[in-house]
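So the structure is just underneath, and the comments pick up after that.
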Amino acid sequence: MVAKNNVKERTKGLEQARQILLQRKRELEQQLTELSFERFSDESVKDPGDEAMSLAMDAIRETLKETEHAEYNRILKALEMIEAGTYGICIECEQPIKEKRLKYFPNATRCLVCQERFEAGQ
């Protein structure tokens, strides 16, 4: 009975994670589309101050696009892991990722210890 409840809870948790990931994926797709078409300059800037501001805003937009694209790719990876039955398992140490971490970071592919090690190595 306990094992049956654990399977039910895990299935429910996976479906919730999948729905959260799909919702965020849709949001990112919309944001990335908007960022692709957004322009801060009409290319007829004459004032050096306006030109500098336009260049700075373009750089910020590109950085935001890169960040959102990286998150989008992590979401795709997490969705693949759900389908493969490996979601919630650290890709480094192959131990379960804590539920609390997955709750706040549903596209996590590493446990906290391995993620910290990964980030320190970069």
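Letters A, B, ... go to the chains of the structure tokens in the order shown; residues in each chain start at 1; ligands are counted from 1 in the same order.
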
- Query: If you count only C-alpha atoms, which residues fall within 9 Å of Leu28 (chain A), apart from same-chain ones fewer than 5 positions away, as a PyMOL selection string?
  - Reply: chain A and resi 23+33+68-69+71-72

Report task. Can you list, as a ChimeraX atom specification, all residues belonging to chain A that DSSP tags as alpha helix (DSSP H)? Result -> /A:2-37,48-84,99-104,112-121

For the selection just defined, write its residues with C-alpha atoms to a file, as an mmCIF file, in the first residue's frame.
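Dumped to out32.cif:
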```
data_model
loop_
_atom_site.group_PDB
_atom_site.id
_atom_site.type_symbol
_atom_site.label_atom_id
_atom_site.label_comp_id
_atom_site.auth_asym_id
_atom_site.auth_seq_id
_atom_site.Cartn_x
_atom_site.Cartn_y
_atom_site.Cartn_z
ATOM 1 C CA VAL A 2 2.827 2.409 0.872
ATOM 2 C CA ALA A 3 4.651 1.627 -2.380
ATOM 3 C CA LYS A 4 1.434 2.201 -4.336
ATOM 4 C CA ASN A 5 0.987 5.609 -2.657
ATOM 5 C CA ASN A 6 4.607 6.535 -3.406
ATOM 6 C CA VAL A 7 4.131 5.728 -7.089
ATOM 7 C CA LYS A 8 0.922 7.768 -7.141
ATOM 8 C CA GLU A 9 2.615 10.720 -5.434
ATOM 9 C CA ARG A 10 5.618 10.536 -7.782
ATOM 10 C CA THR A 11 3.346 10.386 -10.846
ATOM 11 C CA LYS A 12 1.365 13.357 -9.542
ATOM 12 C CA GLY A 13 4.596 15.249 -8.809
ATOM 13 C CA LEU A 14 5.962 14.522 -12.283
ATOM 14 C CA GLU A 15 2.763 15.747 -13.920
ATOM 15 C CA GLN A 16 2.843 18.941 -11.838
ATOM 16 C CA ALA A 17 6.489 19.515 -12.760
ATOM 17 C CA ARG A 18 5.686 18.853 -16.414
ATOM 18 C CA GLN A 19 2.838 21.388 -16.375
ATOM 19 C CA ILE A 20 5.022 24.032 -14.680
ATOM 20 C CA LEU A 21 7.806 23.428 -17.198
ATOM 21 C CA LEU A 22 5.415 23.590 -20.162
ATOM 22 C CA GLN A 23 3.900 26.842 -18.891
ATOM 23 C CA ARG A 24 7.332 28.431 -18.446
ATOM 24 C CA LYS A 25 8.360 27.120 -21.888
ATOM 25 C CA ARG A 26 5.373 28.890 -23.458
ATOM 26 C CA GLU A 27 6.206 32.107 -21.575
ATOM 27 C CA LEU A 28 9.815 31.995 -22.735
ATOM 28 C CA GLU A 29 8.796 31.327 -26.327
ATOM 29 C CA GLN A 30 6.609 34.424 -26.239
ATOM 30 C CA GLN A 31 9.295 36.550 -24.571
ATOM 31 C CA LEU A 32 11.991 35.391 -26.985
ATOM 32 C CA THR A 33 9.748 36.180 -29.936
ATOM 33 C CA GLU A 34 9.045 39.659 -28.580
ATOM 34 C CA LEU A 35 12.735 40.289 -27.902
ATOM 35 C CA SER A 36 13.606 39.256 -31.437
ATOM 36 C CA PHE A 37 11.383 41.968 -32.893
ATOM 37 C CA PRO A 48 25.765 60.538 -29.557
ATOM 38 C CA GLY A 49 23.956 60.181 -26.226
ATOM 39 C CA ASP A 50 20.939 58.579 -27.870
ATOM 40 C CA GLU A 51 23.214 56.307 -29.867
ATOM 41 C CA ALA A 52 25.059 55.205 -26.717
ATOM 42 C CA MET A 53 21.745 54.550 -24.952
ATOM 43 C CA SER A 54 20.481 52.584 -27.942
ATOM 44 C CA LEU A 55 23.638 50.448 -28.028
ATOM 45 C CA ALA A 56 23.414 49.814 -24.277
ATOM 46 C CA MET A 57 19.765 48.787 -24.552
ATOM 47 C CA ASP A 58 20.573 46.472 -27.465
ATOM 48 C CA ALA A 59 23.343 44.854 -25.398
ATOM 49 C CA ILE A 60 20.972 44.375 -22.452
ATOM 50 C CA ARG A 61 18.349 42.865 -24.751
ATOM 51 C CA GLU A 62 20.885 40.425 -26.225
ATOM 52 C CA THR A 63 22.033 39.375 -22.752
ATOM 53 C CA LEU A 64 18.428 38.822 -21.706
ATOM 54 C CA LYS A 65 17.822 36.785 -24.863
ATOM 55 C CA GLU A 66 20.853 34.604 -24.116
ATOM 56 C CA THR A 67 19.742 34.064 -20.511
ATOM 57 C CA GLU A 68 16.189 33.197 -21.518
ATOM 58 C CA HIS A 69 17.405 30.915 -24.297
ATOM 59 C CA ALA A 70 19.631 29.044 -21.815
ATOM 60 C CA GLU A 71 16.641 28.608 -19.481
ATOM 61 C CA TYR A 72 14.545 27.433 -22.431
ATOM 62 C CA ASN A 73 17.139 24.774 -23.232
ATOM 63 C CA ARG A 74 17.201 23.618 -19.581
ATOM 64 C CA ILE A 75 13.412 23.282 -19.685
ATOM 65 C CA LEU A 76 13.592 21.196 -22.853
ATOM 66 C CA LYS A 77 16.190 18.962 -21.165
ATOM 67 C CA ALA A 78 13.976 18.567 -18.070
ATOM 68 C CA LEU A 79 10.971 17.659 -20.228
ATOM 69 C CA GLU A 80 13.085 15.062 -22.039
ATOM 70 C CA MET A 81 14.144 13.659 -18.654
ATOM 71 C CA ILE A 82 10.500 13.358 -17.568
ATOM 72 C CA GLU A 83 9.745 11.394 -20.728
ATOM 73 C CA ALA A 84 12.832 9.204 -20.233
ATOM 74 C CA GLU A 99 12.078 17.744 -3.851
ATOM 75 C CA LYS A 100 12.558 21.221 -2.382
ATOM 76 C CA ARG A 101 15.148 22.036 -5.072
ATOM 77 C CA LEU A 102 12.885 20.726 -7.831
ATOM 78 C CA LYS A 103 9.965 22.684 -6.419
ATOM 79 C CA TYR A 104 11.834 25.985 -6.720
ATOM 80 C CA LEU A 112 22.733 21.185 -5.142
ATOM 81 C CA VAL A 113 26.167 19.790 -4.252
ATOM 82 C CA CYS A 114 26.950 18.860 -7.859
ATOM 83 C CA GLN A 115 25.574 22.175 -9.134
ATOM 84 C CA GLU A 116 27.816 24.123 -6.760
ATOM 85 C CA ARG A 117 30.798 22.031 -7.880
ATOM 86 C CA PHE A 118 29.850 22.615 -11.530
ATOM 87 C CA GLU A 119 29.562 26.383 -11.038
ATOM 88 C CA ALA A 120 32.860 26.549 -9.126
ATOM 89 C CA GLY A 121 34.593 24.803 -12.029
#
```

Expressed in Å, the length from CA of Gly85 (chain A) to CA of Phe105 (chain A) is 18.0 Å
